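The structure appears right after this line, and notes come after that.
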2 protein chains.
Amino acid sequence: MSTNRAVDMSWFAWGDPARATELSDSLRDLIARTLGAELRDLPPVDESDVRLPAVALDAAAFAALTDVVGADNVHTDSAARLRHCGGKSTPDLLRRRAGEAGTAPDAVVLPADHDQVEAVLRLCAEHRVAVVPFGGGTSVVGGVDALRGAFPAVISLDLRRLDRLVSVDADSMTATLQAGLRTPEAEQLLSAHGFTLGHLPQSYEFATIGGYAATRSSGQASAGYGRFDDMVVALKAATPRGTLDLGRAPASAAGPDLRQLLVGSEGAFGVITEVTLRVRPLPEVQHDEAWSFPDYATGAAALRRLAQSASRPTTARLSDETETFVNAALSGKSAAPGCLAVVGFDGTDEEEVAARRAAVTTTLTEAGGTPLGTEPVAEWRHSRFHGPYLRDTLLSAGVLSETLETATTWSGLLPLYEAVGAALKEALEGPEGGAVIMCHISHTYPAGASLYFTVVTAAGADPLSRWAAAKRAASDAIAEHGGTISHHHAVGTDHRPWMTAEIGPLGADILRAVKSAVDPVGVLNPGKLIPDPPHKGTPRAGA
Amino acid sequence: MSTNRAVDMSWFAWGDPARATELSDSLRDLIARTLGAELRDLPPVDESDVRLPAVALDAAAFAALTDVVGADNVHTDSAARLRHCGGKSTPDLLRRRAGEAGTAPDAVVLPADHDQVEAVLRLCAEHRVAVVPFGGGTSVVGGVDALRGAFPAVISLDLRRLDRLVSVDADSMTATLQAGLRTPEAEQLLSAHGFTLGHLPQSYEFATIGGYAATRSSGQASAGYGRFDDMVVALKAATPRGTLDLGRAPASAAGPDLRQLLVGSEGAFGVITEVTLRVRPLPEVQHDEAWSFPDYATGAAALRRLAQSASRPTTARLSDETETFVNAALSGKSAAPGCLAVVGFDGTDEEEVAARRAAVTTTLTEAGGTPLGTEPVAEWRHSRFHGPYLRDTLLSAGVLSETLETATTWSGLLPLYEAVGAALKEALEGPEGGAVIMCHISHTYPAGASLYFTVVTAAGADPLSRWAAAKRAASDAIAEHGGTISHHHAVGTDHRPWMTAEIGPLGADILRAVKSAVDPVGVLNPGKLIPDPPHKGTPRAGA
């Protein structure tokens with residue numbers, strides 16, 4: 001794929017594996033002892049040994065695709081196919097390290113613009129070829145798995161050539177960006193106009209604008225800049241039945257908000273090609289500080305008070321006792337007691353930021369917090385996008401380190417935290433050792449917050465089954481205790497079994513009805529997001 | 001209807017017509033001279049002279065309805081039918097004053113709870129009876145017109161018995177309210193817990209919680225408290241195919257936000273029976289102040305800077321030169337030059353409000369504003385819900401005074417203002433006199449704002465046609481200049497012809513597909529919101 005403007009991520013790991021540090025023997029021993037498990041290295045096979053299915057795209061479909069995007073932009077080589085076979089969940093990486101590319105696409109297609117995307121979708125519907133939109137390929141829920149559903153062939157529609165800043169409306173403080181832009185490129189283009197998105201998810205370096213919109217991403221500074229779905233003022237999507245151009249005003253009473261139907265639609269309703277986003281002035285003042293709380297409940301109550309107050313920080317996060325201890329240990333520091341919180345402030349005005357900091361200091365102090373200054377935050381800020389590399393380092397050493405997340409109301413938050421933690425513990429304790437289960441709150445709202453769990457456990461003899469059991473137990477606990485099945489990772493294949501619990505059978509019917517309207521043949525990202533209809537003979541909701 | 005807990009509004013006017021003041025002869029003469037028109041009184045006929053269609057509900061359907069809600073809660077008397085035949089737009093009032101009830105419902109049905117609503121919807125689908133959900137009956141866009149569509153009969157489903165505060169979650173600062181609660185009752189129930197919604201539309205005294213959600217209402221303090229759709233954390237809706245229970249967390253990445261598909265669905269996708277809303281502490285500090293700007297553009301730029309700043313008022317509005325002049329004249333004051341703006345502050349903390357006021361003062365002063373103190377605001381606050389009564393007073397005297405509204409980005413706002421004003425002027429200037437066209441900005445967002453027009457003109461010989469022509473011209477101008485067809489009045493029947501321009505033919509297909517999923521027979525509020533499918537033979541989007 002010589003035309004790539006963006007560099008592909010590694011086929012078996014996050015980003016550039018050279019950036020994953022080695023695990024020292026002493027740390028490896030410490031982990032093994034902590035988990036009470038023997039560790040067995042899990043190195044990747046040679047790329048040449050990875051099994052790929054034969055290309056199933058027929059000549060007519062291939063010719064039609066090259067007709068639209070040009071022969072240079074249809075790739076059927078193994079390297080391209082392998083790098084588009086799926087995302088970056090731990091199960092994805094485990095399979096690929098073992099030499100299984102799983103469901104690789106038959107071709108990788110790189111359209112140049114919206115019209116080419118629309119033409120590709122139309123011809124794929126005609127030729128019965130499934131289409132998996134591909135942005136940064138950072139999905140951790142199977143969202144970009146090259147599933148073909150009921151179709152003989154599947155393409156990965158890589159949007160990297162849609163990489164333009166289309167326009168900036170400085171008065172309205174909005175910018176229209178093409179879907180294939182990765183965040184650092186988008187930020188560079190916006191900064192020339194004095195603007196930023198302020199969107200800082202862990203996938204920052206690789207994820208794309210279109211992917212953020214399609215999956216309802218949320219970044220580390222969401223308390224100040226909002227979730228990605230909040231930033232969407234308008235969007236343009238291509239479907240096999242034409243174009244959707246949504247959003248004539250920041251707010252409207254002209255019926256249901258169809259923007260919020262496309263946002264989070266994960267490529268199943270259309271391919272988002274352009275997004276008009278709210279932008280903010282580049283911050284001139286930035287300040288972070290750490291706080292300590294005696295326990296998670298006290299810290300959570302403090303974050304709740306911040307989220308419900310008039311003076312909010314830009315970033316607010318709180319680690320539970322275990323995560324606080326482990327993070328300190330990883331930094332080579334002595335463990336601070338209790339729970340560590342981080343609050344950050346972005347602003348354009350020293351005085352405004354100072355006033356906000358003063359108000360936040362009052363709130364956190366009254367809520368039982370102790371200020372720890374800026375020093376403990378430096379490590380977090382420095383390594384904020386490094387988590388996925390650490391996961392690869394651990395995986396090579398036979399340690400699974402995977403994350404999952406949810407959200408609920410403040411009143412339900414601690415019971416949900418306890419229930420999910422207990423479910424994970426129960427699923428992972430056994431002859432293959434135990435698990436370290438950590439959690440943080442990193443996205444807060446007036447009505448509730450997210451919970452982000454990190455689980456560290458020995459890979460064991462069958463790491464895929466081991467993790468699948470833990471994930472299933474956690475997801476069941478989330479559904480049972482009123483959490484949402486995903487706060488910002490999206491649905492993909494992995495959360496799809498819990499979608500009917502999430503939105504009810506009638507909600508699932510609505511998703512299927514919308515899909516039929518925009519994609520009657522069903523070629524758009526089959527097997528993702530939308531639950532299968534109930535079996536024939538199963539009673540339907542209300543019928 | 002002896003079981004009514006809430007009092008019906010007048011059948012020919014807003015609220016209680018006794019509250020509409022008389023127009024003095026001198027003011028009537030001034031209006032006639034200003035409009036260059038002769039005025040002809042438009043008094044209502046006697047209620048006994050209003051023509052109502054015969055009741056078309058068949059015996060089986062009637063029996064099934066009484067079976068569900070009890071005989072006391074199915075009303076077929078003329079008084080109940082007349083009071084549920086439609087909403088309160090000027091055309092509605094003109095028709096009724098002339099003795100035409102138009103499409104009165106065959107029965108008014110008062111369910112007690114969600115389960116009864118669902119049972120009624122199911123039996124109406126079975127008996128082919130159209131259902132028009134009815135809250136406060138305050139629609140000004142035909143949203144509660146008792147249209148029967150393709151069905152032999154239609155009922156008005158009055159939700160006034162769903163009037164409970166279901167629960168309060170003080171930690172999460174949310175409250176679950178039933179759909180039939182009017183705002184003053186809802187506020188009274190919430191205030192016992194120390195909370196408020198802060199939702200203050202002009203329809204405050206009569207409109208209901210369910211109606212607000214179904215129409216994406218926005219209140220006068222939206223800058224601080226947000227639009228009603230922003231406040232919705234969860235909702236429950238009954239459909240002929242069962243219940244939708246949406247919203248497990250304040251924010252989620254579990255697919256499209258189906259809450260935002262039901263919000264604004266105007267009874268076409270289901271009947272919203274319960275809404276969980278974000279609530280706020282009752283304000284302990286309230287302060288309003290007036291500002292003057294040399295012209296509308298300068299004032300609009302000032303409001304834009306406020307909306308994009310960190311320190312925002314709770315209320316922000318700006319009248320154009322004409323509205324500023326007319327409001328002053330109506331209060332018996334001499335006309336202030338330029339444009340009047342009002343900013344208001346709600347808070348629980350003197351210091352916080354003082355800091356916000358100081359920041360707003362700096363912003364408005366830098367933007368060219370002159371502070372006028374609190375006195376000019378008192379009149380506005382005192383009469384903020386009185387506008388519809390004034391409209392009735394004028395209507396009796398032969399003067400149409402109707403409103404319409406839109407929203408767009410800040411960069412498009414003034415061109416849209418000019419275009420809509422010019423379209424109205426051109427449509428209304430002629431042998432029957434001219435029109436006074438006023439406008440204010442009353443809802444602001446970082447990316448844009450609303451425009452709210454008030455048009456005063458002589459009723460003329462055929463007031464319905466006269467207003468229809470003006471409304472059509474304004475709506476065409478809105479569609480052509482990038483505005484949304486409604487910012488907070490909703491779609492109903494009146495904006496439906498512009499919905500395909502708003503969301504595109506494929507967006508309209510999506511609405512029809514969702515409707516088929518939840519209401520396959522199509523009994524829910526036919527003829528509202530959703531455009532008719534294109535005629536056979538008309539090419540469809542992308543096909």
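Note on naming: chains are A, B, ... as they come in the structure tokens, residues start from 1 per chain, ligands start from 1 in the order shown.
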
For Leu110 in chain B, list every protein, DNA or RNA residue within 8 Å, evaluated using only C-alpha atoms, and leave out those in the same chain fewer than 5 positions away; present the list as a list in words.
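After dropping sequence-adjacent residues, the list is Val69, Asn73, Val74, Leu157, Asp158, Leu159, Arg160 and Arg161 of chain B.
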
Just give me the gap between CA of Gly387 in chain B and CA of Asp163 in chain B in Å, one decimal is fine.
26.3 Å

From the DSSP assignment of the backbone, select every residue of range 392-534 of chain B that is strand (DSSP E or B), and format the answer as a ChimeraX atom specification.
/B:399-409,430,433,435-441,444,448-458,524

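Taking CA of Arg280 in chain B and CA of Thr196 in chain B as endpoints, the distance between them is 5.4 Å.
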
Rank nothing, just name the residue among B:Pro313, B:Pro184, B:Gly142, B:Pro533 nearest to Leu364 in chain B, using only C-alpha atoms.
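Of all the options, B:Pro313 lies closest to Leu364 in chain B.
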